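Coordinates as given in run.cif (mmCIF, C-alpha atoms and all ligand atoms):
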```cif
data_target
#
loop_
_atom_site.label_atom_id
_atom_site.label_comp_id
_atom_site.auth_asym_id
_atom_site.auth_seq_id
_atom_site.Cartn_x
_atom_site.Cartn_y
_atom_site.Cartn_z
CA MET J 240 -15.53 -69.38 -2.39
CA ASN J 241 -16.00 -69.78 1.38
CA THR J 242 -15.59 -73.36 2.45
CA VAL J 243 -14.94 -74.74 5.90
CA THR J 244 -11.31 -75.00 7.01
CA PHE J 245 -9.25 -78.16 6.54
CA VAL J 246 -9.68 -79.06 10.20
CA THR J 247 -13.47 -78.66 10.08
CA ALA J 248 -13.63 -80.61 6.80
CA LYS J 249 -11.88 -83.53 8.49
CA LEU J 250 -14.12 -83.34 11.57
CA LEU J 251 -17.20 -83.27 9.35
CA ALA J 252 -16.03 -86.26 7.30
CA ASP J 253 -15.19 -88.22 10.47
CA ALA J 254 -18.62 -87.42 11.91
CA GLY J 255 -20.37 -88.74 8.82
CA PHE J 256 -21.02 -85.64 6.77
CA PRO J 257 -21.97 -86.92 3.27
CA GLN J 258 -19.02 -86.92 0.89
CA PRO J 259 -20.53 -86.05 -2.49
CA ILE J 260 -19.77 -87.30 -5.97
CA LEU J 261 -17.06 -85.12 -7.50
CA SER J 262 -18.28 -82.20 -9.46
CA PHE J 263 -16.96 -79.01 -10.94
CA LEU J 264 -15.63 -76.34 -8.56
CA GLN J 265 -15.89 -78.38 -5.38
CA ARG J 266 -13.02 -78.15 -2.93
CA TRP J 267 -11.47 -81.18 -1.32
CA CYS J 268 -8.47 -81.46 0.98
CA THR J 269 -5.76 -84.05 1.34
CA LYS J 270 -3.69 -84.53 4.45
CA ILE J 271 0.06 -84.41 3.82
CA SER J 272 1.25 -84.31 7.44
CA ALA J 273 -0.26 -83.90 10.90
CA GLU J 274 -0.74 -80.19 10.40
CA THR J 275 -0.56 -79.74 6.66
CA PHE J 276 -3.34 -80.17 4.20
CA GLU J 277 -3.42 -79.55 0.51
CA ARG J 278 -6.49 -78.01 -1.06
CA HIS J 279 -7.80 -79.13 -4.42
CA THR J 280 -10.43 -77.42 -6.48
CA ILE J 281 -12.04 -79.67 -9.00
CA GLY J 282 -11.35 -78.53 -12.53
CA PHE J 283 -10.78 -74.87 -11.76
CA PRO J 284 -7.61 -73.78 -13.59
CA GLY J 285 -7.10 -70.53 -11.65
CA ASP J 286 -6.53 -72.34 -8.38
CA LYS J 287 -3.04 -73.21 -7.18
CA PHE J 288 -3.92 -76.82 -6.51
CA TYR J 289 -6.38 -77.41 -9.28
CA ILE J 290 -6.77 -80.87 -10.66
CA TYR J 291 -9.21 -82.51 -13.00
CA SER J 292 -11.93 -84.66 -11.57
CA ASP J 293 -11.34 -87.68 -13.80
CA SER J 294 -7.85 -88.22 -12.36
CA PHE J 295 -8.75 -87.53 -8.76
CA ASP J 296 -8.60 -90.27 -6.15
CA THR J 297 -11.15 -89.55 -3.41
CA SER J 298 -9.98 -92.18 -0.93
CA GLY J 299 -8.69 -90.70 2.32
CA ILE J 300 -9.59 -87.15 1.48
CA CYS J 301 -12.22 -84.76 2.79
CA PHE J 302 -14.86 -82.68 1.07
CA MET J 303 -14.67 -78.99 2.00
CA PRO J 304 -18.31 -77.89 1.93
CA THR J 305 -19.58 -74.33 1.57
CA ALA J 306 -22.43 -73.00 3.72
CA THR J 307 -24.95 -73.97 1.03
CA ASP J 308 -23.56 -77.52 0.82
CA ILE J 309 -24.06 -77.89 4.57
CA LEU J 310 -27.48 -76.21 4.68
CA LYS J 311 -28.75 -78.78 2.15
CA GLU J 312 -28.17 -81.29 4.96
CA LEU J 313 -29.95 -79.10 7.53
CA PRO J 314 -33.59 -78.69 6.50
CA GLY J 315 -35.32 -76.04 8.62
CA TRP J 316 -32.12 -74.11 9.43
CA ASN J 317 -31.62 -70.58 8.09
CA LEU J 318 -28.65 -68.43 7.18
CA ALA J 319 -28.57 -64.70 7.91
CA TYR J 320 -26.00 -61.93 8.11
CA THR J 321 -25.73 -59.28 10.80
CA ASN J 322 -23.09 -56.58 11.31
CA VAL J 323 -22.51 -57.61 14.89
CA PHE J 324 -22.41 -61.42 14.72
CA LYS J 325 -21.48 -61.77 11.05
CA TRP J 326 -22.99 -64.97 9.61
CA ILE J 327 -25.64 -66.70 11.69
CA VAL J 328 -27.08 -70.15 11.06
CA TYR J 329 -30.21 -70.56 13.16
CA TRP J 330 -33.19 -72.79 13.80
CA ASP J 331 -36.49 -71.65 15.29
CA ALA J 332 -36.86 -74.67 17.54
CA PRO J 333 -40.46 -75.32 18.62
CA GLY J 334 -40.99 -74.26 22.22
CA LEU J 335 -37.83 -72.20 22.50
CA ALA J 336 -38.06 -68.47 23.21
CA GLU J 337 -35.02 -67.81 21.03
CA PRO J 338 -33.67 -69.64 18.02
CA ILE J 339 -30.74 -72.00 18.42
CA GLN J 340 -27.97 -70.21 16.58
CA PHE J 341 -24.33 -70.40 15.63
CA SER J 342 -22.32 -67.47 14.32
CA HIS J 343 -18.99 -67.10 12.55
CA GLU J 344 -17.36 -64.69 10.12
CA ASN J 345 -17.25 -67.60 7.65
CA PRO J 346 -20.81 -68.81 6.83
CA ALA J 347 -19.53 -72.35 6.16
CA GLU J 348 -18.06 -72.56 9.66
CA ALA J 349 -21.33 -71.31 11.21
CA ALA J 350 -23.22 -73.95 9.20
CA ALA J 351 -20.75 -76.65 10.28
CA GLN J 352 -21.38 -75.81 13.95
CA ALA J 353 -25.12 -76.21 13.35
CA TRP J 354 -24.50 -79.55 11.60
CA PHE J 355 -22.44 -80.81 14.55
CA TYR J 356 -25.21 -79.67 16.91
CA GLN J 357 -27.85 -81.49 14.86
CA HIS J 358 -25.78 -84.67 14.61
CA GLU J 359 -24.49 -84.74 18.15
CA LYS J 360 -24.46 -88.26 19.53
CA ALA J 361 -27.21 -88.52 22.10
CA PRO J 362 -26.11 -89.51 25.62
CA LEU J 363 -27.91 -92.32 27.42
CA CYS J 364 -30.34 -91.62 30.23
CA LYS J 365 -28.58 -92.52 33.48
CA LYS J 366 -31.84 -93.84 34.94
CA CYS J 367 -33.09 -96.15 32.20
CA ASN J 368 -30.32 -96.18 29.56
CA THR J 369 -32.52 -94.85 26.75
CA PRO J 370 -30.86 -92.54 24.17
CA ALA J 371 -31.89 -88.98 25.05
CA LYS J 372 -33.46 -86.37 22.81
CA ARG J 373 -32.78 -82.65 22.66
CA GLY J 374 -35.42 -80.86 24.66
CA THR J 375 -36.18 -77.65 26.42
CA ALA J 376 -36.93 -76.82 30.02
CA LEU J 377 -37.53 -73.78 32.13
CA LYS J 378 -34.82 -72.85 34.58
CA ASN J 379 -35.87 -70.66 37.44
CA ILE J 380 -33.43 -67.79 37.70
CA LEU J 381 -34.17 -67.24 41.40
CA ALA J 382 -33.12 -70.80 42.19
CA GLY J 383 -29.53 -69.85 41.52
CA SER J 384 -26.97 -72.17 40.00
CA SER J 385 -25.89 -74.33 42.95
CA GLU J 386 -28.55 -76.98 42.43
CA TRP J 387 -27.35 -77.38 38.87
CA ALA J 388 -23.83 -78.43 39.80
CA ASP J 389 -24.14 -81.93 38.32
CA GLY J 390 -26.43 -80.81 35.53
CA ASP J 391 -29.37 -82.66 37.04
CA MET J 392 -32.62 -80.76 36.70
CA GLU J 393 -34.62 -82.76 39.19
CA GLY J 394 -36.22 -80.58 41.85
CA ALA J 395 -35.94 -77.47 39.75
CA THR J 396 -38.95 -75.23 39.81
CA LEU J 397 -40.50 -75.40 36.35
CA THR J 398 -43.02 -72.63 36.05
CA LEU J 399 -44.04 -70.21 33.36
CA SER J 400 -43.09 -67.05 35.15
CA GLY J 401 -41.12 -63.95 34.31
CA ASN J 402 -38.30 -65.31 36.41
CA ALA J 403 -37.76 -68.44 34.38
CA ASP J 404 -35.48 -68.93 31.40
CA LEU J 405 -35.89 -71.48 28.65
CA ILE J 406 -32.77 -73.58 28.43
CA LYS J 407 -31.67 -76.39 26.18
CA CYS J 408 -31.33 -79.79 27.76
CA TRP J 409 -31.34 -83.52 27.14
CA LYS J 410 -34.58 -85.31 27.84
CA CYS J 411 -35.25 -89.03 28.11
CA PRO J 412 -38.25 -89.98 25.90
CA GLU J 413 -38.83 -93.07 28.04
CA CYS J 414 -38.87 -91.91 31.68
CA GLY J 415 -38.91 -88.13 31.27
CA HIS J 416 -35.66 -87.54 33.18
CA SER J 417 -33.94 -84.42 31.90
CA TRP J 418 -30.52 -82.87 32.41
CA GLN J 419 -28.17 -80.32 30.93
ZN ZN Z 1 -34.81 -92.44 31.17
#
```
Can you present the structure in this file as structure tokens?
Ligand SMILES: [Zn+2]
Amino acid sequence: MNTVTFVTAKLLADAGFPQPILSFLQRWCTKISAETFERHTIGFPGDKFYIYSDSFDTSGICFMPTATDILKELPGWNLAYTNVFKWIVYWDAPGLAEPIQFSHENPAEAAAQAWFYQHEKAPLCKKCNTPAKRGTALKNILAGSSEWADGDMEGATLTLSGNADLIKCWKCPECGHSWQ
């Protein structure tokens, strides 16, 4: 069973990934030292660290989700496999020329990256202090990169031409200010 790693499981739990009710064959991890975790599989006797769910204390431990566990929390995202990129979790975002995608040889890790992307804490607009939303913008390739030094997109030429690239950015829903 492919689950996320111990480190990713902890990051997910800390970021608010739902910790489910215990059920058969789930994997959970317990921290024993700064770098050591112990893996538990619920009620699966073949596993080295198997334990039974009725004696398991879930306080201070982290659920180790599989790709399907994570995708249940990511409606609209898809999972695919390619020889080159291995597992890809992607979303056909409206208005974007290409899907937003994350790849990894472990599908659970690819899904975790997508979950972190989706649940990223929005920064505040520096002009009006409103929480930003993920948006898209066109970046003119001919403009070069120098005017993007501070990530500010003001003054950028936004045209639908063959020389423009769609890029992901933050956009303020209040005043329209956008930045990378
Ligand atoms: Zn604003």
Within 12 Å of ligand ZN 1 (chain Z): each chain J residue with its shortest pair, all atoms listed in the file, as JSON lines:
```
{"residue": "J:Pro362", "atom": "CA", "partner": "Z:ZN1", "partner_atom": "ZN", "distance": 10.7}
{"residue": "J:Leu363", "atom": "CA", "partner": "Z:ZN1", "partner_atom": "ZN", "distance": 7.9}
{"residue": "J:Cys364", "atom": "CA", "partner": "Z:ZN1", "partner_atom": "ZN", "distance": 4.6}
{"residue": "J:Lys365", "atom": "CA", "partner": "Z:ZN1", "partner_atom": "ZN", "distance": 6.6}
{"residue": "J:Lys366", "atom": "CA", "partner": "Z:ZN1", "partner_atom": "ZN", "distance": 5.0}
{"residue": "J:Cys367", "atom": "CA", "partner": "Z:ZN1", "partner_atom": "ZN", "distance": 4.2}
{"residue": "J:Asn368", "atom": "CA", "partner": "Z:ZN1", "partner_atom": "ZN", "distance": 6.1}
{"residue": "J:Thr369", "atom": "CA", "partner": "Z:ZN1", "partner_atom": "ZN", "distance": 5.5}
{"residue": "J:Pro370", "atom": "CA", "partner": "Z:ZN1", "partner_atom": "ZN", "distance": 8.0}
{"residue": "J:Ala371", "atom": "CA", "partner": "Z:ZN1", "partner_atom": "ZN", "distance": 7.6}
{"residue": "J:Lys372", "atom": "CA", "partner": "Z:ZN1", "partner_atom": "ZN", "distance": 10.4}
{"residue": "J:Trp409", "atom": "CA", "partner": "Z:ZN1", "partner_atom": "ZN", "distance": 10.4}
{"residue": "J:Lys410", "atom": "CA", "partner": "Z:ZN1", "partner_atom": "ZN", "distance": 7.9}
{"residue": "J:Cys411", "atom": "CA", "partner": "Z:ZN1", "partner_atom": "ZN", "distance": 4.6}
{"residue": "J:Pro412", "atom": "CA", "partner": "Z:ZN1", "partner_atom": "ZN", "distance": 6.8}
{"residue": "J:Glu413", "atom": "CA", "partner": "Z:ZN1", "partner_atom": "ZN", "distance": 5.1}
{"residue": "J:Cys414", "atom": "CA", "partner": "Z:ZN1", "partner_atom": "ZN", "distance": 4.1}
{"residue": "J:Gly415", "atom": "CA", "partner": "Z:ZN1", "partner_atom": "ZN", "distance": 5.9}
{"residue": "J:His416", "atom": "CA", "partner": "Z:ZN1", "partner_atom": "ZN", "distance": 5.4}
{"residue": "J:Ser417", "atom": "CA", "partner": "Z:ZN1", "partner_atom": "ZN", "distance": 8.1}
{"residue": "J:Trp418", "atom": "CA", "partner": "Z:ZN1", "partner_atom": "ZN", "distance": 10.6}
```
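Checking J:Thr244, J:His358, J:Ala252, J:Arg373 one by one against Leu335 in chain J, counting all atoms listed in the file, you find the shortest gap at J:Arg373.
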### Query
Which one of J:Thr247, J:Gln258, J:Ser342, J:Asn241 sits closest to Phe276 in chain J if you count only C-alpha atoms?
J:Thr247
### Trp316 in chain J environment, 10 Å, all atoms listed in the file, sequence neighbours closer than 5 positions dropped, as an MDAnalysis selection string
chainID J and resid 310:311 328:332 338:340 350 353:354
### Query
CA of Phe324 in chain J and CA of Glu344 in chain J are how many Å apart?
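Atom-to-atom, CA of Phe324 in chain J and CA of Glu344 in chain J are spaced 7.6 Å apart.
Picture a line from CA of Ile300 in chain J to CA of Ala361 in chain J; it runs 27.2 Å.
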